[in-house]
>>> print(open('run_39.cif').read())   # mmCIF, C-alpha atoms
data_run
#
loop_
_atom_site.label_atom_id
_atom_site.label_comp_id
_atom_site.auth_asym_id
_atom_site.auth_seq_id
_atom_site.Cartn_x
_atom_site.Cartn_y
_atom_site.Cartn_z
CA MET A 152 -26.13 -19.00 -71.17
CA LYS A 153 -29.54 -18.17 -72.65
CA ARG A 154 -31.03 -21.17 -70.83
CA LEU A 155 -29.58 -19.92 -67.52
CA ILE A 156 -31.04 -16.46 -68.06
CA TRP A 157 -34.43 -18.01 -68.88
CA ILE A 158 -34.34 -20.07 -65.68
CA LEU A 159 -33.51 -16.97 -63.63
CA VAL A 160 -36.38 -15.03 -65.20
CA VAL A 161 -38.82 -17.84 -64.39
CA LEU A 162 -37.58 -18.07 -60.80
CA LEU A 163 -37.88 -14.31 -60.29
CA SER A 164 -41.41 -14.29 -61.69
CA VAL A 165 -42.42 -17.15 -59.38
CA LEU A 166 -40.90 -15.42 -56.36
CA GLY A 167 -42.61 -12.18 -57.30
CA ALA A 168 -45.97 -13.91 -57.59
CA GLY A 169 -45.43 -15.57 -54.22
CA SER A 170 -44.64 -12.24 -52.56
CA ALA A 171 -47.78 -10.67 -53.99
CA HIS A 172 -49.86 -13.61 -52.85
CA ALA A 173 -48.36 -13.40 -49.37
CA GLN A 174 -49.24 -9.72 -48.92
CA LYS A 175 -51.27 -9.30 -45.73
CA VAL A 176 -54.66 -7.62 -45.68
CA LEU A 177 -55.69 -5.18 -42.93
CA ASN A 178 -59.31 -4.10 -42.43
CA VAL A 179 -59.91 -1.12 -40.15
CA ILE A 180 -63.49 -0.39 -39.15
CA GLY A 181 -64.71 2.40 -36.92
CA ASP A 182 -65.93 5.96 -36.60
CA SER A 183 -64.17 9.24 -37.40
CA TYR A 184 -61.05 7.96 -35.61
CA VAL A 185 -60.81 5.79 -38.75
CA ALA A 186 -62.37 8.06 -41.39
CA ASN A 187 -60.16 10.85 -39.96
CA HIS A 188 -62.92 13.47 -39.85
CA LYS A 189 -61.95 16.47 -42.04
CA ARG A 190 -58.51 15.21 -43.03
CA PRO A 191 -57.50 12.52 -45.57
CA ALA A 192 -57.56 8.96 -44.23
CA GLU A 193 -54.00 8.57 -45.54
CA GLU A 194 -52.82 10.78 -42.65
CA ALA A 195 -54.23 8.41 -40.03
CA TRP A 196 -51.89 6.20 -38.00
CA HIS A 197 -53.55 2.96 -39.16
CA SER A 198 -53.07 3.91 -42.81
CA LYS A 199 -49.41 4.67 -42.14
CA LEU A 200 -49.09 1.43 -40.18
CA ALA A 201 -50.33 -0.58 -43.15
CA LYS A 202 -47.99 1.28 -45.49
CA GLU A 203 -44.97 0.66 -43.26
CA LEU A 204 -45.78 -3.05 -43.01
CA GLY A 205 -46.59 -3.45 -46.71
CA TYR A 206 -50.19 -4.50 -46.07
CA THR A 207 -53.20 -4.10 -48.32
CA TYR A 208 -55.35 -1.58 -46.43
CA HIS A 209 -59.13 -1.29 -46.32
CA ASN A 210 -60.64 1.66 -44.44
CA TYR A 211 -64.23 1.22 -43.25
CA GLY A 212 -64.43 4.34 -41.12
CA ARG A 213 -67.48 6.57 -41.11
CA ASN A 214 -67.79 9.88 -39.34
CA GLY A 215 -70.34 9.76 -36.53
CA SER A 216 -70.68 5.98 -36.63
CA CYS A 217 -71.52 3.94 -33.53
CA VAL A 218 -70.94 0.31 -32.62
CA ALA A 219 -74.46 -0.02 -31.23
CA PHE A 220 -76.67 2.85 -32.36
CA ASP A 221 -78.18 3.45 -35.79
CA ARG A 222 -77.55 7.03 -36.90
CA THR A 223 -79.06 6.93 -40.37
CA HIS A 224 -81.61 9.56 -39.41
CA ASP A 225 -79.84 11.19 -36.47
CA GLY A 226 -80.43 14.91 -36.81
CA ARG A 227 -79.53 16.58 -40.10
CA PHE A 228 -76.63 14.20 -40.76
CA ASN A 229 -76.72 10.65 -42.07
CA PHE A 230 -74.03 8.87 -40.04
CA GLY A 231 -75.26 5.50 -41.24
CA PRO A 232 -76.16 2.20 -39.62
CA ALA A 233 -74.43 0.81 -36.55
CA MET A 234 -71.19 -1.13 -36.98
CA TRP A 235 -72.80 -4.35 -35.79
CA VAL A 236 -74.82 -4.13 -39.03
CA ARG A 237 -72.41 -2.58 -41.53
CA TYR A 238 -69.36 -4.75 -40.73
CA THR A 239 -70.65 -7.20 -43.37
CA ALA A 240 -69.34 -4.87 -46.11
CA MET A 241 -65.74 -5.64 -45.14
CA ALA A 242 -63.37 -7.73 -47.26
CA THR A 243 -63.53 -11.32 -46.05
CA ASP A 244 -59.90 -12.19 -46.85
CA ALA A 245 -58.47 -10.02 -44.07
CA ASP A 246 -55.49 -11.28 -42.09
CA TYR A 247 -56.03 -8.58 -39.47
CA VAL A 248 -59.02 -6.49 -38.40
CA LEU A 249 -58.73 -3.43 -36.20
CA ILE A 250 -61.81 -1.92 -34.59
CA VAL A 251 -61.33 1.70 -33.55
CA ALA A 252 -64.62 2.81 -32.08
CA GLY A 253 -66.66 3.77 -29.04
CA HIS A 254 -66.36 7.57 -28.89
CA ASN A 255 -69.81 8.20 -30.34
CA ASP A 256 -71.29 5.33 -28.34
CA ALA A 257 -69.93 6.90 -25.15
CA GLU A 258 -71.61 10.19 -26.06
CA LYS A 259 -74.88 8.33 -26.60
CA VAL A 260 -74.59 6.19 -23.45
CA GLY A 261 -73.79 8.96 -21.00
CA GLU A 262 -75.02 7.69 -17.64
CA ASN A 263 -77.83 5.51 -19.02
CA VAL A 264 -77.48 1.91 -17.83
CA ASP A 265 -79.81 0.49 -20.47
CA SER A 266 -77.85 2.16 -23.27
CA LEU A 267 -74.62 0.77 -21.83
CA GLN A 268 -76.10 -2.74 -21.89
CA MET A 269 -77.17 -2.18 -25.49
CA PHE A 270 -73.61 -1.23 -26.32
CA ALA A 271 -72.26 -4.38 -24.63
CA ASP A 272 -74.71 -6.65 -26.47
CA SER A 273 -74.05 -4.96 -29.81
CA LEU A 274 -70.29 -5.21 -29.37
CA ASP A 275 -70.62 -8.92 -28.67
CA VAL A 276 -72.64 -9.34 -31.88
CA LEU A 277 -70.09 -7.28 -33.83
CA LEU A 278 -67.11 -9.32 -32.66
CA THR A 279 -68.89 -12.63 -33.27
CA GLY A 280 -69.86 -11.45 -36.74
CA ILE A 281 -66.34 -10.36 -37.67
CA GLU A 282 -64.93 -13.67 -36.43
CA ARG A 283 -67.29 -15.48 -38.80
CA LEU A 284 -66.91 -13.06 -41.72
CA CYS A 285 -63.11 -13.01 -41.59
CA PRO A 286 -62.27 -16.48 -40.25
CA LYS A 287 -58.49 -16.22 -40.65
CA ALA A 288 -58.21 -12.70 -39.23
CA ARG A 289 -56.57 -11.74 -35.97
CA ILE A 290 -58.61 -8.98 -34.38
CA GLY A 291 -57.59 -6.05 -32.21
CA TYR A 292 -59.59 -3.25 -30.57
CA VAL A 293 -58.45 0.35 -30.03
CA THR A 294 -60.48 2.36 -27.51
CA PRO A 295 -61.36 6.07 -27.47
CA TRP A 296 -59.05 8.59 -25.82
CA TYR A 297 -59.16 9.55 -22.14
CA VAL A 298 -62.07 11.97 -22.61
CA ASP A 299 -63.45 13.60 -19.48
CA ARG A 300 -67.15 13.13 -20.21
CA PRO A 301 -69.87 10.79 -18.91
CA GLY A 302 -70.03 7.51 -20.76
CA PHE A 303 -66.38 7.12 -21.71
CA ALA A 304 -65.20 5.24 -18.62
CA PRO A 305 -68.03 2.66 -18.59
CA VAL A 306 -67.92 2.15 -22.36
CA CYS A 307 -64.18 1.49 -22.26
CA LYS A 308 -64.64 -0.95 -19.37
CA VAL A 309 -67.27 -2.80 -21.39
CA ILE A 310 -64.88 -2.93 -24.36
CA GLN A 311 -62.28 -4.60 -22.16
CA LYS A 312 -64.81 -7.09 -20.75
CA VAL A 313 -66.38 -8.13 -24.06
CA CYS A 314 -63.04 -8.31 -25.86
CA LYS A 315 -61.66 -10.49 -23.06
CA LYS A 316 -64.55 -12.89 -23.65
CA HIS A 317 -63.50 -13.12 -27.31
CA ARG A 318 -59.78 -13.20 -26.47
CA ILE A 319 -59.23 -10.02 -28.44
CA PRO A 320 -56.38 -7.70 -27.35
CA VAL A 321 -57.29 -4.13 -26.47
CA LEU A 322 -55.17 -1.00 -26.80
CA MET A 323 -56.60 0.90 -23.85
CA ASN A 324 -56.31 4.61 -24.54
CA TYR A 325 -58.76 5.55 -21.80
CA ASP A 326 -55.86 6.01 -19.41
CA LYS A 327 -54.25 9.12 -17.96
CA LYS A 328 -50.88 7.70 -19.05
CA CYS A 329 -51.91 7.57 -22.71
CA ILE A 330 -49.50 9.48 -24.95
CA ILE A 331 -52.50 11.32 -26.39
CA GLN A 332 -53.19 13.83 -23.64
CA VAL A 333 -56.68 14.72 -24.74
CA ARG A 334 -57.52 16.63 -21.54
CA ASP A 335 -54.62 19.04 -22.05
CA GLU A 336 -55.67 22.15 -23.99
CA LYS A 337 -52.12 22.96 -25.10
CA PHE A 338 -51.67 19.38 -26.34
CA ARG A 339 -54.94 19.50 -28.31
CA LYS A 340 -53.94 22.75 -29.94
CA GLN A 341 -50.80 21.09 -31.31
CA TYR A 342 -51.95 17.54 -32.06
CA PHE A 343 -55.70 17.66 -32.74
CA GLN A 344 -57.58 19.00 -35.74
CA ALA A 345 -58.94 21.87 -33.62
CA PRO A 346 -58.21 23.20 -30.11
CA ASN A 347 -61.59 22.05 -28.75
CA ASP A 348 -61.52 18.74 -30.64
CA MET A 349 -61.33 15.73 -28.32
CA ALA A 350 -61.47 13.01 -30.96
CA HIS A 351 -59.57 13.73 -34.17
CA LEU A 352 -55.81 13.86 -34.41
CA ASN A 353 -54.06 15.96 -37.03
CA ALA A 354 -51.15 14.57 -39.08
CA GLU A 355 -48.66 15.41 -36.32
CA GLY A 356 -50.85 13.68 -33.74
CA HIS A 357 -51.11 10.54 -35.83
CA ASP A 358 -47.32 10.48 -36.21
CA LEU A 359 -46.98 10.77 -32.43
CA PHE A 360 -49.35 7.86 -31.81
CA LEU A 361 -48.10 5.60 -34.61
CA PRO A 362 -45.10 4.06 -32.74
CA VAL A 363 -47.31 3.20 -29.76
CA ALA A 364 -49.96 1.62 -31.98
CA LYS A 365 -47.38 -0.22 -34.07
CA GLN A 366 -45.65 -1.73 -31.04
CA TRP A 367 -48.98 -2.91 -29.62
CA PHE A 368 -50.16 -4.24 -33.00
CA LEU A 369 -47.02 -6.28 -33.65
CA LYS A 370 -46.80 -7.60 -30.10
CA ARG A 371 -50.44 -8.24 -29.24
CA VAL A 372 -52.31 -8.70 -32.54
CA VAL A 373 -49.82 -10.15 -35.01
CA LYS A 374 -48.27 -12.50 -32.44
CA GLN A 375 -51.42 -13.42 -30.51
#
>>> encode(input="run_39.cif", output="structure tokens")
Amino acid sequence: MKRLIWILVVLLSVLGAGSAHAQKVLNVIGDSYVANHKRPAEEAWHSKLAKELGYTYHNYGRNGSCVAFDRTHDGRFNFGPAMWVRYTAMATDADYVLIVAGHNDAEKVGENVDSLQMFADSLDVLLTGIERLCPKARIGYVTPWYVDRPGFAPVCKVIQKVCKKHRIPVLMNYDKKCIIQVRDEKFRKQYFQAPNDMAHLNAEGHDLFLPVAKQWFLKRVVKQ
């Protein structure tokens, strides 16, 4: 009887170690859509996604960050280097990498063609770099919301084009059918961190978006 109990204990310990070893790792890199602006990152949909799926979660969001443009000395704030530079700080053992970025780039690009090309080139470098840094990772890209300002439409089109080149699935939120109705003042008042905020969801907004993001993630990123 004692021998049987000992065998069971050994088996359970082995299975437990195997489960821990098999735990997936999710890196999320981006701007304040990832850092979650003035609210805890734990409220963000990607944090909740990782928790629901039992993943180890690494958040590499930085308020004000751009894919293409260095903002280390941009005004009175230090928003740090561009993502195509700082991605190298990510954990290399990631099974999945989500990039949630482009809002600040769109603001910078506006209607400037040269800036848009700089964004496209930088995004290509970023994706190539992540592919090399995290060789086993499946990558997905989540675009900015459907913001009615110059720069957002062309930046989101570039995201689609460059990601297609890398065979990376895109969750296209720059769409009037997006569940996050950023152009609706009443919607923003309920689901964003402030009525005039067009970037940062509150906890209720993240909960609203989570099922959409989860469905896309499982279908397009995990199973790609």
>>> residues_around(input="run_39.cif", residues="region 345-353 of chain A", least_positions_apart="5", cutoff="7 Å", atoms="all atoms listed in the file", output="compact mmCIF listing (two decimals) with C-alpha atoms, in the frame of the given file")
# COMPACT_ATOMS: atom_id res chain seq x y z
CA TYR A 184 -61.05 7.96 -35.61
CA ASN A 187 -60.16 10.85 -39.96
CA HIS A 188 -62.92 13.47 -39.85
CA VAL A 298 -62.07 11.97 -22.61
CA VAL A 333 -56.68 14.72 -24.74
CA GLU A 336 -55.67 22.15 -23.99
CA ARG A 339 -54.94 19.50 -28.31
CA LYS A 340 -53.94 22.75 -29.94
>>> resolve_selection(input="run_39.cif", expression="the PyMOL selection byres ((chain A and resi 269) around 12)", output="ChimeraX atom specification")
/A:217-221,233,235,256-257,259-260,263-268,270-276,306,309
>>> write_last_selection(input="run_39.cif", atoms="C-alpha atoms", output="CSV table (one decimal), in the frame of the given file")
chain,number,residue,atom,x,y,z
A,217,CYS,CA,-71.5,3.9,-33.5
A,218,VAL,CA,-70.9,0.3,-32.6
A,219,ALA,CA,-74.5,0.0,-31.2
A,220,PHE,CA,-76.7,2.8,-32.4
A,221,ASP,CA,-78.2,3.4,-35.8
A,233,ALA,CA,-74.4,0.8,-36.6
A,235,TRP,CA,-72.8,-4.4,-35.8
A,256,ASP,CA,-71.3,5.3,-28.3
A,257,ALA,CA,-69.9,6.9,-25.2
A,259,LYS,CA,-74.9,8.3,-26.6
A,260,VAL,CA,-74.6,6.2,-23.4
A,263,ASN,CA,-77.8,5.5,-19.0
A,264,VAL,CA,-77.5,1.9,-17.8
A,265,ASP,CA,-79.8,0.5,-20.5
A,266,SER,CA,-77.8,2.2,-23.3
A,267,LEU,CA,-74.6,0.8,-21.8
A,268,GLN,CA,-76.1,-2.7,-21.9
A,270,PHE,CA,-73.6,-1.2,-26.3
A,271,ALA,CA,-72.3,-4.4,-24.6
A,272,ASP,CA,-74.7,-6.6,-26.5
A,273,SER,CA,-74.0,-5.0,-29.8
A,274,LEU,CA,-70.3,-5.2,-29.4
A,275,ASP,CA,-70.6,-8.9,-28.7
A,276,VAL,CA,-72.6,-9.3,-31.9
A,306,VAL,CA,-67.9,2.2,-22.4
A,309,VAL,CA,-67.3,-2.8,-21.4
>>> residues_around(input="run_39.cif", residues="Ala364 (chain A)", least_positions_apart="5", cutoff="10 Å", atoms="all atoms listed in the file", output="list in words")
Trp196, His197, Leu200, Val293, Leu322, His357, Leu359, Leu369 and Lys370 of chain A
>>> write_last_selection(input="run_39.cif", atoms="C-alpha atoms", output="PDB file, in the coordinates of the input")
ATOM      1  CA  TRP A 196     -51.890   6.200 -38.000  1.00  0.00           C
ATOM      2  CA  HIS A 197     -53.550   2.960 -39.160  1.00  0.00           C
ATOM      3  CA  LEU A 200     -49.090   1.430 -40.180  1.00  0.00           C
ATOM      4  CA  VAL A 293     -58.450   0.350 -30.030  1.00  0.00           C
ATOM      5  CA  LEU A 322     -55.170  -1.000 -26.800  1.00  0.00           C
ATOM      6  CA  HIS A 357     -51.110  10.540 -35.830  1.00  0.00           C
ATOM      7  CA  LEU A 359     -46.980  10.770 -32.430  1.00  0.00           C
ATOM      8  CA  LEU A 369     -47.020  -6.280 -33.650  1.00  0.00           C
ATOM      9  CA  LYS A 370     -46.800  -7.600 -30.100  1.00  0.00           C
TER      10      LYS A 370
END
>>> residues_near_point(input="run_39.cif", point="(-64.8, -11.3, -44.6)", cutoff="7 Å", atoms="all atoms listed in the file", output="number ranges by chain")
A: 241-245, 284-285
>>> residues_around(input="run_39.cif", residues="Arg300 (chain A)", least_positions_apart="2", cutoff="10 Å", atoms="only C-alpha atoms", output="VMD selection string")
chain A and resid 257 to 258 261 to 262 297 to 298 302 to 304
>>> resolve_selection(input="run_39.cif", expression="the PyMOL selection byres ((chain A and resi 231) around 8)", output="NGL selection string")
:A and (213 or 216 or 221-224 or 229-230 or 232-233)
>>> atom_distance(input="run_39.cif", atom1="CA of Trp296 (chain A)", atom2="CA of Ala192 (chain A)")
18.5 Å
>>> atom_distance(input="run_39.cif", atom1="CA of Ile180 (chain A)", atom2="CA of Gly215 (chain A)")
12.5 Å
>>> closest_residue(input="run_39.cif", among="A:Cys314, A:Val251, A:Cys307, A:Leu361", to="Ala201 (chain A)", atoms="all atoms listed in the file")
A:Leu361
>>> atom_distance(input="run_39.cif", atom1="CA of Glu194 (chain A)", atom2="CA of Glu355 (chain A)")
8.9 Å
>>> resolve_selection(input="run_39.cif", expression="the PyMOL selection byres ((chain A and resi 318) around 12)", output="list in words")
Asp275, Leu278, Thr279, Glu282, Arg289, Ile290, Gly291, Tyr292, Ile310, Gln311, Lys312, Val313, Cys314, Lys315, Lys316, His317, Ile319, Pro320, Val321, Arg371, Val372 and Gln375 of chain A
>>> closest_residue(input="run_39.cif", among="A:Lys374, A:Asn178, A:Pro362, A:Thr239", to="Glu203 (chain A)", atoms="all atoms listed in the file")
A:Pro362
>>> decode(input="run_39.cif", residues="region 187-198 of chain A", atoms="all heavy atoms", output="PDB file, in the first residue's frame")
ATOM      1  N   ASN A 187      -2.100  50.649 -20.836  1.00  0.00           N
ATOM      2  CA  ASN A 187      -3.429  50.988 -20.290  1.00  0.00           C
ATOM      3  C   ASN A 187      -3.497  52.364 -19.644  1.00  0.00           C
ATOM      4  O   ASN A 187      -4.286  52.606 -18.736  1.00  0.00           O
ATOM      5  CB  ASN A 187      -3.949  49.920 -19.326  1.00  0.00           C
ATOM      6  CG  ASN A 187      -5.471  49.873 -19.284  1.00  0.00           C
ATOM      7  OD1 ASN A 187      -6.136  50.243 -20.250  1.00  0.00           O
ATOM      8  ND2 ASN A 187      -6.028  49.418 -18.167  1.00  0.00           N
ATOM      9  N   HIS A 188      -2.628  53.265 -20.113  1.00  0.00           N
ATOM     10  CA  HIS A 188      -2.706  54.688 -19.772  1.00  0.00           C
ATOM     11  C   HIS A 188      -2.719  54.918 -18.260  1.00  0.00           C
ATOM     12  O   HIS A 188      -1.757  54.590 -17.584  1.00  0.00           O
ATOM     13  CB  HIS A 188      -3.930  55.294 -20.456  1.00  0.00           C
ATOM     14  CG  HIS A 188      -3.969  56.787 -20.456  1.00  0.00           C
ATOM     15  ND1 HIS A 188      -2.865  57.558 -20.717  1.00  0.00           N
ATOM     16  CD2 HIS A 188      -4.994  57.663 -20.234  1.00  0.00           C
ATOM     17  CE1 HIS A 188      -3.196  58.846 -20.644  1.00  0.00           C
ATOM     18  NE2 HIS A 188      -4.472  58.940 -20.352  1.00  0.00           N
ATOM     19  N   LYS A 189      -3.830  55.410 -17.703  1.00  0.00           N
ATOM     20  CA  LYS A 189      -3.898  55.760 -16.280  1.00  0.00           C
ATOM     21  C   LYS A 189      -4.484  54.650 -15.408  1.00  0.00           C
ATOM     22  O   LYS A 189      -4.638  54.837 -14.197  1.00  0.00           O
ATOM     23  CB  LYS A 189      -4.721  57.047 -16.099  1.00  0.00           C
ATOM     24  CG  LYS A 189      -4.095  58.268 -16.761  1.00  0.00           C
ATOM     25  CD  LYS A 189      -4.933  59.507 -16.528  1.00  0.00           C
ATOM     26  CE  LYS A 189      -4.291  60.734 -17.174  1.00  0.00           C
ATOM     27  NZ  LYS A 189      -5.098  61.972 -16.947  1.00  0.00           N
ATOM     28  N   ARG A 190      -4.792  53.542 -16.001  1.00  0.00           N
ATOM     29  CA  ARG A 190      -5.388  52.429 -15.263  1.00  0.00           C
ATOM     30  C   ARG A 190      -4.406  51.254 -15.196  1.00  0.00           C
ATOM     31  O   ARG A 190      -3.497  51.149 -16.008  1.00  0.00           O
ATOM     32  CB  ARG A 190      -6.696  51.977 -15.940  1.00  0.00           C
ATOM     33  CG  ARG A 190      -7.785  53.035 -15.980  1.00  0.00           C
ATOM     34  CD  ARG A 190      -8.236  53.419 -14.581  1.00  0.00           C
ATOM     35  NE  ARG A 190      -8.661  52.231 -13.829  1.00  0.00           N
ATOM     36  CZ  ARG A 190      -8.801  52.200 -12.510  1.00  0.00           C
ATOM     37  NH1 ARG A 190      -8.520  53.267 -11.790  1.00  0.00           N
ATOM     38  NH2 ARG A 190      -9.206  51.080 -11.917  1.00  0.00           N
ATOM     39  N   PRO A 191      -4.579  50.356 -14.231  1.00  0.00           N
ATOM     40  CA  PRO A 191      -3.673  49.201 -14.120  1.00  0.00           C
ATOM     41  C   PRO A 191      -3.715  48.330 -15.368  1.00  0.00           C
ATOM     42  O   PRO A 191      -4.781  48.121 -15.959  1.00  0.00           O
ATOM     43  CB  PRO A 191      -4.221  48.437 -12.901  1.00  0.00           C
ATOM     44  CG  PRO A 191      -5.019  49.437 -12.132  1.00  0.00           C
ATOM     45  CD  PRO A 191      -5.592  50.383 -13.149  1.00  0.00           C
ATOM     46  N   ALA A 192      -2.574  47.811 -15.756  1.00  0.00           N
ATOM     47  CA  ALA A 192      -2.503  46.935 -16.940  1.00  0.00           C
ATOM     48  C   ALA A 192      -3.345  45.676 -16.747  1.00  0.00           C
ATOM     49  O   ALA A 192      -3.793  45.078 -17.730  1.00  0.00           O
ATOM     50  CB  ALA A 192      -1.054  46.563 -17.210  1.00  0.00           C
ATOM     51  N   GLU A 193      -3.575  45.286 -15.504  1.00  0.00           N
ATOM     52  CA  GLU A 193      -4.369  44.087 -15.223  1.00  0.00           C
ATOM     53  C   GLU A 193      -5.811  44.212 -15.698  1.00  0.00           C
ATOM     54  O   GLU A 193      -6.500  43.211 -15.865  1.00  0.00           O
ATOM     55  CB  GLU A 193      -4.344  43.772 -13.720  1.00  0.00           C
ATOM     56  CG  GLU A 193      -3.017  43.301 -13.183  1.00  0.00           C
ATOM     57  CD  GLU A 193      -2.002  44.428 -13.015  1.00  0.00           C
ATOM     58  OE1 GLU A 193      -2.404  45.613 -13.009  1.00  0.00           O
ATOM     59  OE2 GLU A 193      -0.800  44.111 -12.891  1.00  0.00           O
ATOM     60  N   GLU A 194      -6.268  45.455 -15.924  1.00  0.00           N
ATOM     61  CA  GLU A 194      -7.637  45.664 -16.412  1.00  0.00           C
ATOM     62  C   GLU A 194      -7.750  45.492 -17.921  1.00  0.00           C
ATOM     63  O   GLU A 194      -8.859  45.397 -18.451  1.00  0.00           O
ATOM     64  CB  GLU A 194      -8.116  47.073 -16.040  1.00  0.00           C
ATOM     65  CG  GLU A 194      -8.369  47.281 -14.560  1.00  0.00           C
ATOM     66  CD  GLU A 194      -8.902  48.670 -14.254  1.00  0.00           C
ATOM     67  OE1 GLU A 194      -9.060  49.478 -15.213  1.00  0.00           O
ATOM     68  OE2 GLU A 194      -9.161  48.970 -13.081  1.00  0.00           O
ATOM     69  N   ALA A 195      -6.616  45.464 -18.611  1.00  0.00           N
ATOM     70  CA  ALA A 195      -6.625  45.432 -20.072  1.00  0.00           C
ATOM     71  C   ALA A 195      -7.052  44.066 -20.598  1.00  0.00           C
ATOM     72  O   ALA A 195      -6.787  43.029 -19.976  1.00  0.00           O
ATOM     73  CB  ALA A 195      -5.245  45.792 -20.612  1.00  0.00           C
ATOM     74  N   TRP A 196      -7.669  44.055 -21.770  1.00  0.00           N
ATOM     75  CA  TRP A 196      -8.213  42.813 -22.328  1.00  0.00           C
ATOM     76  C   TRP A 196      -7.140  41.757 -22.554  1.00  0.00           C
ATOM     77  O   TRP A 196      -7.396  40.559 -22.376  1.00  0.00           O
ATOM     78  CB  TRP A 196      -8.962  43.094 -23.637  1.00  0.00           C
ATOM     79  CG  TRP A 196      -8.141  43.635 -24.767  1.00  0.00           C
ATOM     80  CD1 TRP A 196      -7.978  44.945 -25.115  1.00  0.00           C
ATOM     81  CD2 TRP A 196      -7.330  42.880 -25.690  1.00  0.00           C
ATOM     82  NE1 TRP A 196      -7.131  45.055 -26.192  1.00  0.00           N
ATOM     83  CE2 TRP A 196      -6.726  43.805 -26.574  1.00  0.00           C
ATOM     84  CE3 TRP A 196      -7.077  41.519 -25.859  1.00  0.00           C
ATOM     85  CZ2 TRP A 196      -5.870  43.413 -27.601  1.00  0.00           C
ATOM     86  CZ3 TRP A 196      -6.221  41.114 -26.887  1.00  0.00           C
ATOM     87  CH2 TRP A 196      -5.633  42.048 -27.734  1.00  0.00           C
ATOM     88  N   HIS A 197      -5.922  42.170 -22.935  1.00  0.00           N
ATOM     89  CA  HIS A 197      -4.866  41.187 -23.207  1.00  0.00           C
ATOM     90  C   HIS A 197      -4.365  40.539 -21.926  1.00  0.00           C
ATOM     91  O   HIS A 197      -3.989  39.365 -21.929  1.00  0.00           O
ATOM     92  CB  HIS A 197      -3.708  41.827 -23.991  1.00  0.00           C
ATOM     93  CG  HIS A 197      -3.479  43.266 -23.681  1.00  0.00           C
ATOM     94  ND1 HIS A 197      -2.762  43.676 -22.589  1.00  0.00           N
ATOM     95  CD2 HIS A 197      -3.917  44.384 -24.309  1.00  0.00           C
ATOM     96  CE1 HIS A 197      -2.737  44.999 -22.559  1.00  0.00           C
ATOM     97  NE2 HIS A 197      -3.431  45.459 -23.597  1.00  0.00           N
ATOM     98  N   SER A 198      -4.381  41.290 -20.825  1.00  0.00           N
ATOM     99  CA  SER A 198      -4.029  40.708 -19.530  1.00  0.00           C
ATOM    100  C   SER A 198      -5.075  39.683 -19.102  1.00  0.00           C
ATOM    101  O   SER A 198      -4.752  38.585 -18.631  1.00  0.00           O
ATOM    102  CB  SER A 198      -3.912  41.813 -18.476  1.00  0.00           C
ATOM    103  OG  SER A 198      -3.666  41.263 -17.197  1.00  0.00           O
TER     104      SER A 198
END
